[in-house]
file input-v2.cif (mmCIF, C-alpha atoms (C1' of nucleotides))
data_target
loop_
_atom_site.group_PDB
_atom_site.id
_atom_site.type_symbol
_atom_site.label_atom_id
_atom_site.label_comp_id
_atom_site.auth_asym_id
_atom_site.auth_seq_id
_atom_site.Cartn_x
_atom_site.Cartn_y
_atom_site.Cartn_z
ATOM 1 C CA MET E 68 145.957 19.125 231.189
ATOM 2 C CA PRO E 69 148.486 18.896 234.002
ATOM 3 C CA ALA E 70 148.355 16.417 236.856
ATOM 4 C CA LEU E 71 146.473 17.669 239.879
ATOM 5 C CA LYS E 72 148.553 18.526 242.887
ATOM 6 C CA TYR E 73 147.280 19.175 246.379
ATOM 7 C CA SER E 74 146.896 22.745 247.515
ATOM 8 C CA ARG E 75 145.571 24.085 250.778
ATOM 9 C CA GLN E 76 143.906 26.948 248.999
ATOM 10 C CA ARG E 77 141.951 24.659 246.713
ATOM 11 C CA GLU E 78 140.797 22.547 249.643
ATOM 12 C CA ALA E 79 139.747 25.709 251.421
ATOM 13 C CA VAL E 80 137.697 26.827 248.416
ATOM 14 C CA ARG E 81 136.045 23.438 248.176
ATOM 15 C CA HIS E 82 135.400 23.211 251.908
ATOM 16 C CA PHE E 83 134.018 26.729 252.028
ATOM 17 C CA LEU E 84 131.483 26.011 249.319
ATOM 18 C CA MET E 85 130.523 22.680 250.840
ATOM 19 C CA THR E 86 129.657 24.254 254.159
ATOM 20 C CA ARG E 87 127.575 27.083 252.742
ATOM 21 C CA ARG E 88 123.915 26.773 252.027
ATOM 22 C CA ASP E 89 123.882 29.833 249.788
ATOM 23 C CA HIS E 90 125.515 30.570 246.434
ATOM 24 C CA PRO E 91 128.482 32.883 246.810
ATOM 25 C CA THR E 92 130.312 34.697 244.061
ATOM 26 C CA ALA E 93 134.046 34.445 243.515
ATOM 27 C CA ASP E 94 134.467 37.711 245.331
ATOM 28 C CA THR E 95 132.564 36.480 248.374
ATOM 29 C CA VAL E 96 134.669 33.335 248.482
ATOM 30 C CA TYR E 97 137.757 35.494 248.256
ATOM 31 C CA THR E 98 136.695 37.863 251.016
ATOM 32 C CA CYS E 99 135.751 35.080 253.399
ATOM 33 C CA LEU E 100 138.822 32.974 252.758
ATOM 34 C CA ARG E 101 141.057 35.925 253.492
ATOM 35 C CA GLU E 102 140.293 35.421 257.177
ATOM 36 C CA GLU E 103 141.994 32.059 257.058
ATOM 37 C CA PHE E 104 144.492 32.919 254.294
ATOM 38 C CA PRO E 105 145.211 36.614 254.683
ATOM 39 C CA ASN E 106 147.089 36.809 251.423
ATOM 40 C CA ILE E 107 145.208 34.432 249.190
ATOM 41 C CA SER E 108 144.842 35.955 245.756
ATOM 42 C CA LEU E 109 141.654 36.554 243.839
ATOM 43 C CA GLY E 110 143.189 34.835 240.826
ATOM 44 C CA THR E 111 143.719 31.723 242.912
ATOM 45 C CA VAL E 112 140.075 31.731 243.906
ATOM 46 C CA TYR E 113 138.940 32.088 240.303
ATOM 47 C CA ARG E 114 141.322 29.416 239.083
ATOM 48 C CA ASN E 115 140.200 26.926 241.683
ATOM 49 C CA LEU E 116 136.521 27.658 241.260
ATOM 50 C CA THR E 117 136.875 27.042 237.543
ATOM 51 C CA LEU E 118 138.898 23.915 238.149
ATOM 52 C CA LEU E 119 136.453 22.476 240.678
ATOM 53 C CA ALA E 120 133.531 23.294 238.420
ATOM 54 C CA ASP E 121 135.241 21.563 235.502
ATOM 55 C CA LEU E 122 135.852 18.539 237.705
ATOM 56 C CA GLY E 123 132.179 18.563 238.612
ATOM 57 C CA GLU E 124 132.877 19.009 242.315
ATOM 58 C CA ILE E 125 130.992 22.262 242.480
ATOM 59 C CA GLN E 126 128.337 23.818 240.304
ATOM 60 C CA ARG E 127 128.416 27.096 238.462
ATOM 61 C CA ILE E 128 125.270 29.207 238.355
ATOM 62 C CA SER E 129 125.017 31.587 235.407
ATOM 63 C CA SER E 130 122.232 34.063 235.185
ATOM 64 C CA ASP E 131 121.832 37.458 233.554
ATOM 65 C CA GLY E 132 124.948 39.594 233.575
ATOM 66 C CA GLY E 133 126.683 40.334 236.843
ATOM 67 C CA ALA E 134 128.968 37.893 238.565
ATOM 68 C CA GLU E 135 128.760 34.133 238.435
ATOM 69 C CA HIS E 136 127.624 32.267 241.511
ATOM 70 C CA PHE E 137 128.862 28.926 242.756
ATOM 71 C CA ASP E 138 127.127 26.106 244.549
ATOM 72 C CA GLY E 139 128.773 23.358 246.565
ATOM 73 C CA ASP E 140 125.568 21.363 246.848
ATOM 74 C CA LEU E 141 125.746 18.531 244.352
ATOM 75 C CA THR E 142 122.456 16.892 245.241
ATOM 76 C CA PRO E 143 119.987 17.286 242.370
ATOM 77 C CA HIS E 144 118.207 20.579 242.710
ATOM 78 C CA GLN E 145 117.323 23.688 240.765
ATOM 79 C CA HIS E 146 117.283 27.406 241.403
ATOM 80 C CA PHE E 147 114.543 29.962 241.683
ATOM 81 C CA ILE E 148 115.948 33.417 241.038
ATOM 82 C CA CYS E 149 114.020 36.480 242.082
ATOM 83 C CA SER E 150 113.935 39.013 239.267
ATOM 84 C CA HIS E 151 113.583 41.745 241.837
ATOM 85 C CA CYS E 152 116.172 41.103 244.565
ATOM 86 C CA HIS E 153 118.197 38.557 242.585
ATOM 87 C CA ARG E 154 118.339 36.161 245.500
ATOM 88 C CA ILE E 155 118.843 32.546 244.526
ATOM 89 C CA TYR E 156 116.670 29.953 246.221
ATOM 90 C CA ASP E 157 117.166 26.205 246.041
ATOM 91 C CA ILE E 158 114.141 24.281 244.901
ATOM 92 C CA ARG E 159 113.631 20.621 244.173
ATOM 93 C CA VAL E 160 111.588 19.864 241.108
ATOM 94 C CA ASP E 161 110.492 16.361 240.204
ATOM 95 C CA GLY E 162 110.697 14.736 236.846
ATOM 96 C CA MET E 163 114.221 15.793 235.974
ATOM 97 C CA ASP E 164 115.260 12.301 234.917
ATOM 98 C CA SER E 165 112.589 12.077 232.276
ATOM 99 C CA LEU E 166 113.506 15.590 231.197
ATOM 100 C CA LEU E 167 117.071 14.530 230.473
ATOM 101 C CA ASP E 168 115.758 11.512 228.586
ATOM 102 C CA ASP E 169 113.483 13.713 226.518
ATOM 103 C CA ALA E 170 116.343 16.091 225.815
ATOM 104 C CA GLN E 171 118.584 13.241 224.729
ATOM 105 C CA LYS E 172 116.006 12.286 222.110
ATOM 106 C CA ALA E 173 116.075 15.778 220.663
ATOM 107 C CA ALA E 174 119.727 16.774 221.062
ATOM 108 C CA PRO E 175 122.356 16.585 218.309
ATOM 109 C CA GLY E 176 124.879 14.977 220.648
ATOM 110 C CA ARG E 177 125.259 13.285 223.986
ATOM 111 C CA VAL E 178 123.495 15.136 226.785
ATOM 112 C CA GLU E 179 125.581 15.102 229.940
ATOM 113 C CA SER E 180 123.896 17.602 232.193
ATOM 114 C CA CYS E 181 121.413 20.395 232.305
ATOM 115 C CA ARG E 182 120.944 23.586 234.173
ATOM 116 C CA LEU E 183 117.512 24.848 234.954
ATOM 117 C CA ASN E 184 116.738 28.229 236.423
ATOM 118 C CA PHE E 185 113.287 29.486 237.262
ATOM 119 C CA TYR E 186 112.550 33.188 237.378
ATOM 120 C CA GLY E 187 109.863 35.137 239.128
ATOM 121 C CA VAL E 188 109.281 37.292 242.170
ATOM 122 C CA CYS E 189 109.951 35.803 245.580
ATOM 123 C CA GLU E 190 107.458 36.042 248.426
ATOM 124 C CA GLN E 191 109.724 38.416 250.293
ATOM 125 C CA CYS E 192 109.735 40.942 247.463
ATOM 126 C CA ALA E 193 106.057 40.430 246.684
ATOM 127 C CA SER E 194 105.087 41.406 250.230
ATOM 128 C CA ASP E 195 107.640 44.202 250.583
ATOM 129 C CA ASP E 196 106.655 45.849 247.352
ATOM 130 C CA PRO E 197 103.084 44.989 246.400
ATOM 131 C CA ALA E 198 102.622 45.992 242.747
ATOM 132 C CA MET T 257 110.068 53.803 232.483
ATOM 133 C CA PRO T 258 109.789 56.163 229.511
ATOM 134 C CA ALA T 259 107.326 55.763 226.659
ATOM 135 C CA LEU T 260 108.678 53.762 223.769
ATOM 136 C CA LYS T 261 109.527 55.732 220.698
ATOM 137 C CA TYR T 262 110.266 54.339 217.274
ATOM 138 C CA SER T 263 113.849 53.982 216.214
ATOM 139 C CA ARG T 264 115.314 52.524 213.071
ATOM 140 C CA GLN T 265 118.203 51.053 215.023
ATOM 141 C CA ARG T 266 115.923 49.184 217.396
ATOM 142 C CA GLU T 267 113.895 47.788 214.505
ATOM 143 C CA ALA T 268 117.103 46.736 212.842
ATOM 144 C CA VAL T 269 118.224 44.910 215.964
ATOM 145 C CA ARG T 270 114.862 43.190 216.271
ATOM 146 C CA HIS T 271 114.707 42.323 212.591
ATOM 147 C CA PHE T 272 118.256 41.039 212.593
ATOM 148 C CA LEU T 273 117.552 38.649 215.443
ATOM 149 C CA MET T 274 114.246 37.529 213.950
ATOM 150 C CA THR T 275 115.852 36.522 210.683
ATOM 151 C CA ARG T 276 118.728 34.614 212.220
ATOM 152 C CA ARG T 277 118.478 30.987 213.124
ATOM 153 C CA ASP T 278 121.494 31.173 215.381
ATOM 154 C CA HIS T 279 122.180 32.998 218.637
ATOM 155 C CA PRO T 280 124.431 35.976 218.134
ATOM 156 C CA THR T 281 126.185 37.982 220.808
ATOM 157 C CA ALA T 282 125.839 41.742 221.163
ATOM 158 C CA ASP T 283 129.125 42.114 219.378
ATOM 159 C CA THR T 284 127.975 40.039 216.420
ATOM 160 C CA VAL T 285 124.797 42.066 216.143
ATOM 161 C CA TYR T 286 126.897 45.202 216.232
ATOM 162 C CA THR T 287 129.315 44.040 213.570
ATOM 163 C CA CYS T 288 126.574 42.887 211.217
ATOM 164 C CA LEU T 289 124.384 45.949 211.632
ATOM 165 C CA ARG T 290 127.311 48.185 210.806
ATOM 166 C CA GLU T 291 126.863 47.170 207.180
ATOM 167 C CA GLU T 292 123.463 48.791 207.132
ATOM 168 C CA PHE T 293 124.202 51.490 209.732
ATOM 169 C CA PRO T 294 127.900 52.271 209.335
ATOM 170 C CA ASN T 295 128.012 54.329 212.482
ATOM 171 C CA ILE T 296 125.663 52.534 214.822
ATOM 172 C CA SER T 297 127.147 52.394 218.279
ATOM 173 C CA LEU T 298 127.810 49.359 220.403
ATOM 174 C CA GLY T 299 126.021 51.063 223.281
ATOM 175 C CA THR T 300 122.908 51.347 221.156
ATOM 176 C CA VAL T 301 123.041 47.654 220.386
ATOM 177 C CA TYR T 302 123.375 46.766 224.055
ATOM 178 C CA ARG T 303 120.617 49.141 225.090
ATOM 179 C CA ASN T 304 118.183 47.784 222.543
ATOM 180 C CA LEU T 305 119.027 44.161 223.195
ATOM 181 C CA THR T 306 118.385 44.716 226.891
ATOM 182 C CA LEU T 307 115.207 46.615 226.167
ATOM 183 C CA LEU T 308 113.846 43.990 223.783
ATOM 184 C CA ALA T 309 114.717 41.223 226.215
ATOM 185 C CA ASP T 310 112.939 43.059 229.032
ATOM 186 C CA LEU T 311 109.907 43.456 226.788
ATOM 187 C CA GLY T 312 110.030 39.737 226.085
ATOM 188 C CA GLU T 313 110.459 40.244 222.354
ATOM 189 C CA ILE T 314 113.761 38.436 222.297
ATOM 190 C CA GLN T 315 115.344 35.946 224.623
ATOM 191 C CA ARG T 316 118.608 36.192 226.478
ATOM 192 C CA ILE T 317 120.809 33.112 226.744
ATOM 193 C CA SER T 318 123.206 33.045 229.680
ATOM 194 C CA SER T 319 125.763 30.323 229.918
ATOM 195 C CA ASP T 320 129.190 30.058 231.524
ATOM 196 C CA GLY T 321 131.120 33.304 231.539
ATOM 197 C CA GLY T 322 131.892 34.946 228.235
ATOM 198 C CA ALA T 323 129.377 37.016 226.365
ATOM 199 C CA GLU T 324 125.632 36.705 226.517
ATOM 200 C CA HIS T 325 123.802 35.376 223.474
ATOM 201 C CA PHE T 326 120.448 36.470 222.155
ATOM 202 C CA ASP T 327 117.681 34.586 220.449
ATOM 203 C CA GLY T 328 114.891 36.056 218.347
ATOM 204 C CA ASP T 329 112.962 32.806 218.255
ATOM 205 C CA LEU T 330 110.131 33.052 220.762
ATOM 206 C CA THR T 331 108.567 29.692 220.086
ATOM 207 C CA PRO T 332 109.035 27.400 223.063
ATOM 208 C CA HIS T 333 112.354 25.662 222.785
ATOM 209 C CA GLN T 334 115.515 24.961 224.724
ATOM 210 C CA HIS T 335 119.215 24.966 224.033
ATOM 211 C CA PHE T 336 121.823 22.282 223.800
ATOM 212 C CA ILE T 337 125.253 23.781 224.322
ATOM 213 C CA CYS T 338 128.362 21.897 223.288
ATOM 214 C CA SER T 339 130.936 21.972 226.070
ATOM 215 C CA HIS T 340 133.632 21.585 223.455
ATOM 216 C CA CYS T 341 132.893 24.061 220.661
ATOM 217 C CA HIS T 342 130.323 26.113 222.619
ATOM 218 C CA ARG T 343 127.883 26.075 219.741
ATOM 219 C CA ILE T 344 124.269 26.531 220.764
ATOM 220 C CA TYR T 345 121.703 24.223 219.187
ATOM 221 C CA ASP T 346 117.951 24.629 219.414
ATOM 222 C CA ILE T 347 116.117 21.612 220.715
ATOM 223 C CA ARG T 348 112.480 21.057 221.521
ATOM 224 C CA VAL T 349 111.791 19.147 224.694
ATOM 225 C CA ASP T 350 108.321 18.106 225.721
ATOM 226 C CA GLY T 351 106.766 18.409 229.127
ATOM 227 C CA MET T 352 107.797 21.959 229.862
ATOM 228 C CA ASP T 353 104.338 22.960 231.039
ATOM 229 C CA SER T 354 104.242 20.337 233.733
ATOM 230 C CA LEU T 355 107.767 21.335 234.673
ATOM 231 C CA LEU T 356 106.653 24.885 235.366
ATOM 232 C CA ASP T 357 103.748 23.553 237.386
ATOM 233 C CA ASP T 358 106.059 21.371 239.433
ATOM 234 C CA ALA T 359 108.407 24.294 239.979
ATOM 235 C CA GLN T 360 105.546 26.485 241.128
ATOM 236 C CA LYS T 361 104.757 23.945 243.829
ATOM 237 C CA ALA T 362 108.305 24.118 245.147
ATOM 238 C CA ALA T 363 109.194 27.769 244.650
ATOM 239 C CA PRO T 364 109.042 30.448 247.352
ATOM 240 C CA GLY T 365 107.298 32.889 245.019
ATOM 241 C CA ARG T 366 105.458 33.156 241.752
ATOM 242 C CA VAL T 367 107.264 31.393 238.904
ATOM 243 C CA GLU T 368 107.070 33.408 235.712
ATOM 244 C CA SER T 369 109.536 31.730 233.402
ATOM 245 C CA CYS T 370 112.380 29.317 233.231
ATOM 246 C CA ARG T 371 115.511 28.842 231.267
ATOM 247 C CA LEU T 372 116.787 25.424 230.542
ATOM 248 C CA ASN T 373 120.150 24.631 228.999
ATOM 249 C CA PHE T 374 121.450 21.178 228.274
ATOM 250 C CA TYR T 375 125.166 20.517 228.112
ATOM 251 C CA GLY T 376 127.163 17.810 226.425
ATOM 252 C CA VAL T 377 129.286 17.176 223.363
ATOM 253 C CA CYS T 378 127.722 17.693 219.965
ATOM 254 C CA GLU T 379 127.976 15.107 217.200
ATOM 255 C CA GLN T 380 130.258 17.351 215.211
ATOM 256 C CA CYS T 381 132.834 17.533 217.994
ATOM 257 C CA ALA T 382 132.422 13.884 218.897
ATOM 258 C CA SER T 383 133.371 12.809 215.382
ATOM 259 C CA ASP T 384 136.090 15.414 214.877
ATOM 260 C CA ASP T 385 137.826 14.587 218.116
ATOM 261 C CA PRO T 386 137.079 11.003 219.181
ATOM 262 C CA ALA T 387 138.128 10.745 222.831
ATOM 263 C "C1'" DA G 11 107.093 74.633 212.376
ATOM 264 C "C1'" DT G 12 108.233 73.781 217.013
ATOM 265 C "C1'" DA G 13 108.942 71.985 221.551
ATOM 266 C "C1'" DG G 14 109.716 68.130 224.595
ATOM 267 C "C1'" DA G 15 111.081 63.511 225.049
ATOM 268 C "C1'" DA G 16 113.446 59.587 223.590
ATOM 269 C "C1'" DA G 17 117.209 57.743 221.169
ATOM 270 C "C1'" DC G 18 121.498 58.310 219.225
ATOM 271 C "C1'" DA G 19 127.013 58.061 218.543
ATOM 272 C "C1'" DA G 20 131.077 58.352 220.727
ATOM 273 C "C1'" DT G 21 133.704 57.557 224.338
ATOM 274 C "C1'" DA G 22 134.889 57.044 229.125
ATOM 275 C "C1'" DA G 23 134.250 54.331 233.108
ATOM 276 C "C1'" DC G 24 133.398 50.145 235.370
ATOM 277 C "C1'" DA G 25 133.286 45.419 237.160
ATOM 278 C "C1'" DA G 26 134.313 40.668 236.407
ATOM 279 C "C1'" DT G 27 137.600 37.768 234.858
ATOM 280 C "C1'" DT G 28 141.937 36.196 232.844
ATOM 281 C "C1'" DA G 29 146.952 36.324 231.762
ATOM 282 C "C1'" DC G 30 151.567 36.944 233.222
ATOM 283 C "C1'" DT G 31 155.733 36.286 236.064
ATOM 284 C "C1'" DA G 32 158.693 35.268 239.575
ATOM 285 C "C1'" DA G 33 158.565 32.925 244.001
ATOM 286 C "C1'" DT G 34 156.747 29.074 246.761
ATOM 287 C "C1'" DT G 35 154.743 24.283 247.554
ATOM 288 C "C1'" DT G 36 153.995 19.860 246.632
ATOM 289 C "C1'" DT G 37 155.368 15.279 245.187
ATOM 290 C "C1'" DA G 38 158.325 11.727 243.642
ATOM 291 C "C1'" DT G 39 162.936 10.105 243.833
ATOM 292 C "C1'" DT G 40 167.109 9.513 245.989
ATOM 293 C "C1'" DA C 94 166.387 14.450 254.876
ATOM 294 C "C1'" DA C 95 168.122 16.615 250.303
ATOM 295 C "C1'" DT C 96 166.825 17.377 245.420
ATOM 296 C "C1'" DA C 97 164.644 18.235 241.165
ATOM 297 C "C1'" DA C 98 160.592 18.785 238.288
ATOM 298 C "C1'" DA C 99 156.076 20.304 237.990
ATOM 299 C "C1'" DA C 100 152.053 22.468 239.813
ATOM 300 C "C1'" DT C 101 150.433 26.242 242.400
ATOM 301 C "C1'" DT C 102 150.668 30.525 244.326
ATOM 302 C "C1'" DA C 103 150.532 35.850 245.200
ATOM 303 C "C1'" DG C 104 150.625 39.970 243.159
ATOM 304 C "C1'" DT C 105 149.738 42.702 239.489
ATOM 305 C "C1'" DA C 106 148.703 44.074 234.813
ATOM 306 C "C1'" DA C 107 145.773 43.500 231.073
ATOM 307 C "C1'" DT C 108 141.532 42.157 228.830
ATOM 308 C "C1'" DT C 109 136.765 41.668 228.178
ATOM 309 C "C1'" DG C 110 131.914 42.488 228.394
ATOM 310 C "C1'" DT C 111 128.856 45.886 229.754
ATOM 311 C "C1'" DT C 112 127.016 50.250 231.473
ATOM 312 C "C1'" DA C 113 127.052 55.293 232.195
ATOM 313 C "C1'" DT C 114 127.764 59.911 230.496
ATOM 314 C "C1'" DT C 115 127.366 63.764 227.406
ATOM 315 C "C1'" DG C 116 126.201 66.543 223.810
ATOM 316 C "C1'" DT C 117 123.634 65.911 219.404
ATOM 317 C "C1'" DT C 118 119.981 64.075 216.536
ATOM 318 C "C1'" DT C 119 115.498 62.095 215.570
ATOM 319 C "C1'" DC C 120 110.580 61.260 216.678
ATOM 320 C "C1'" DT C 121 106.087 62.543 217.703
ATOM 321 C "C1'" DA C 122 102.398 65.341 219.139
ATOM 322 C "C1'" DT C 123 100.851 69.692 219.019
#

call {"tool": "encode", "arguments": {"input": "input-v2.cif", "output": "structure tokens"}}
result
Amino acid sequence: MPALKYSRQREAVRHFLMTRRDHPTADTVYTCLREEFPNISLGTVYRNLTLLADLGEIQRISSDGGAEHFDGDLTPHQHFICSHCHRIYDIRVDGMDSLLDDAQKAAPGRVESCRLNFYGVCEQCASDDPA
Amino acid sequence: MPALKYSRQREAVRHFLMTRRDHPTADTVYTCLREEFPNISLGTVYRNLTLLADLGEIQRISSDGGAEHFDGDLTPHQHFICSHCHRIYDIRVDGMDSLLDDAQKAAPGRVESCRLNFYGVCEQCASDDPA
DNA sequence: ATAGAAACAATAACAATTACTAATTTTATT
DNA sequence: AATAAAATTAGTAATTGTTATTGTTTCTAT
């Protein structure tokens, strides 16, 4: 793995994610950053998102199919994903420390992190479309 | 949504997943089922995997990028995914019920399910490649 | 048997992501 | 400041995983 070298584009990706409260996709990051860097390339965005996620400076959110989402909020939290509109909400669930401990007891290796998504129907969709 | 109609291919997909203890991708299912159904189509495999997952008869495992994995084991369990070899191990962590309750308190909607993946380095990789 | 609906195989289309290459930036060293 | 090596970039092509389409076959209820 090569030595890291500063790049304005990478800082822009990081900064962009840090200042958002939502969970953009690579394409959203790309589109927004084009205002500041009119000829930034989509490959650059992907490369830096992957790099930052590997460094643990941002978080990757994988759900069913579709595009991956990214999250610049590193404070411990989880996601509630609406099965209907696919919006991603931040939620804060207690007891995660003990969960990791419990997992460590059961896992065939060293547990370093976990990702926890909750699924259901959000209030917005429930009221819009009462089933 | 149309009425379900029997199909040998769908049963084969279901049966295949039920009898596996691992977590194959659509492509693996396809390749293996071709022995029994030499001209089953990949589209059929995808359609039935999606259908069975929507019915809750199998489980979909989403992790970082790459292909989705599927799991025919419906007993409550979680997954430990090795960041190195990407193998998926089943683990059984306690306290999931209270976790869902806690999530329900925090979520902006009705929580129906959750998916929990743990990440780390498995024992196999740790001993093969001592870092 | 037959008719209508669901499922199929085969393949084309699609979207998300990655790989490639030549040019540009960064960083360390003069 | 000039220079050289390495990392990064933009632009584009290629790949991958998945879904849609179409004409044919298989179920199921009559």

call {"tool": "interface_residues", "arguments": {"input": "input-v2.cif", "of": "chain E", "to": "chain T", "cutoff": "6 Å", "atoms": "only C-alpha atoms", "output": "list in words"}}
result
Ser129, Ser130, Ile158, Val160, Asp169, Ala170, Ala173, Pro175, Gly176, Arg177, Val178, Glu179, Ser180, Cys181, Arg182, Leu183, Asn184, Phe185, Tyr186, Gly187, Val188, Cys189 and Glu190 of chain E

call {"tool": "closest_atom_pairs", "arguments": {"input": "input-v2.cif", "of": "chain G", "to": "chain E", "cutoff": "12 Å", "atoms": "all atoms listed in the file", "output": "Markdown table"}}
result
| residue | atom | partner | partner_atom | distance |
| --- | --- | --- | --- | --- |
| G:DC24 | C1' | E:Gly133 | CA | 12.0 |
| G:DA25 | C1' | E:Gly133 | CA | 8.3 |
| G:DA26 | C1' | E:Ala134 | CA | 6.4 |
| G:DT27 | C1' | E:Tyr113 | CA | 8.0 |
| G:DT28 | C1' | E:Gly110 | CA | 8.2 |
| G:DA29 | C1' | E:Gly110 | CA | 9.9 |
| G:DC30 | C1' | E:Gly110 | CA | 11.5 |
| G:DT34 | C1' | E:Ser74 | CA | 11.7 |
| G:DT35 | C1' | E:Ser74 | CA | 8.0 |
| G:DT36 | C1' | E:Lys72 | CA | 6.7 |
| G:DT37 | C1' | E:Lys72 | CA | 7.9 |
| G:DA38 | C1' | E:Lys72 | CA | 11.9 |

call {"tool": "closest_atom_pairs", "arguments": {"input": "input-v2.cif", "of": "chain C", "to": "chain E", "cutoff": "9 Å", "atoms": "all atoms listed in the file", "output": "JSON lines"}}
result
{"residue": "C:DA99", "atom": "C1'", "partner": "E:Pro69", "partner_atom": "CA", "distance": 8.7}
{"residue": "C:DA100", "atom": "C1'", "partner": "E:Lys72", "partner_atom": "CA", "distance": 6.1}
{"residue": "C:DT101", "atom": "C1'", "partner": "E:Ser74", "partner_atom": "CA", "distance": 7.1}
{"residue": "C:DT102", "atom": "C1'", "partner": "E:Thr111", "partner_atom": "CA", "distance": 7.2}
{"residue": "C:DA103", "atom": "C1'", "partner": "E:Ser108", "partner_atom": "CA", "distance": 5.7}
{"residue": "C:DG104", "atom": "C1'", "partner": "E:Ser108", "partner_atom": "CA", "distance": 7.5}
{"residue": "C:DT111", "atom": "C1'", "partner": "E:Gly132", "partner_atom": "CA", "distance": 8.3}

call {"tool": "closest_residue", "arguments": {"input": "input-v2.cif", "among": "G:DA17, G:DA22, G:DA32, G:DA11", "to": "DT115 of chain C", "atoms": "only C-alpha atoms (C1' of nucleotides)"}}
result
G:DA22

call {"tool": "resolve_selection", "arguments": {"input": "input-v2.cif", "expression": "the PyMOL selection byres ((chain T and resi 267-276) around 9)", "output": "list in words"}}
result
Tyr262, Ser263, Arg264, Gln265, Arg266, Arg277, Asp278, His279, Pro280, Val285, Tyr286, Cys288, Leu289, Glu292, Val301, Asn304, Leu305, Leu308, Glu313, Ile314, Phe326, Asp327, Gly328 and Asp329 of chain T

call {"tool": "resolve_selection", "arguments": {"input": "input-v2.cif", "expression": "the PyMOL selection byres ((chain C and resi 122) around 10)", "output": "number ranges by chain"}}
result
G: 13-14; C: 120-121, 123

call {"tool": "axis_aligned_box", "arguments": {"input": "input-v2.cif", "around": "segment 119-123 of chain C", "padding_each_side": "8 Å", "output": "AutoDock Vina command-line options"}}
result
--center_x 108.2 --center_y 65.5 --center_z 217.4 --size_x 30.6 --size_y 24.4 --size_z 19.6
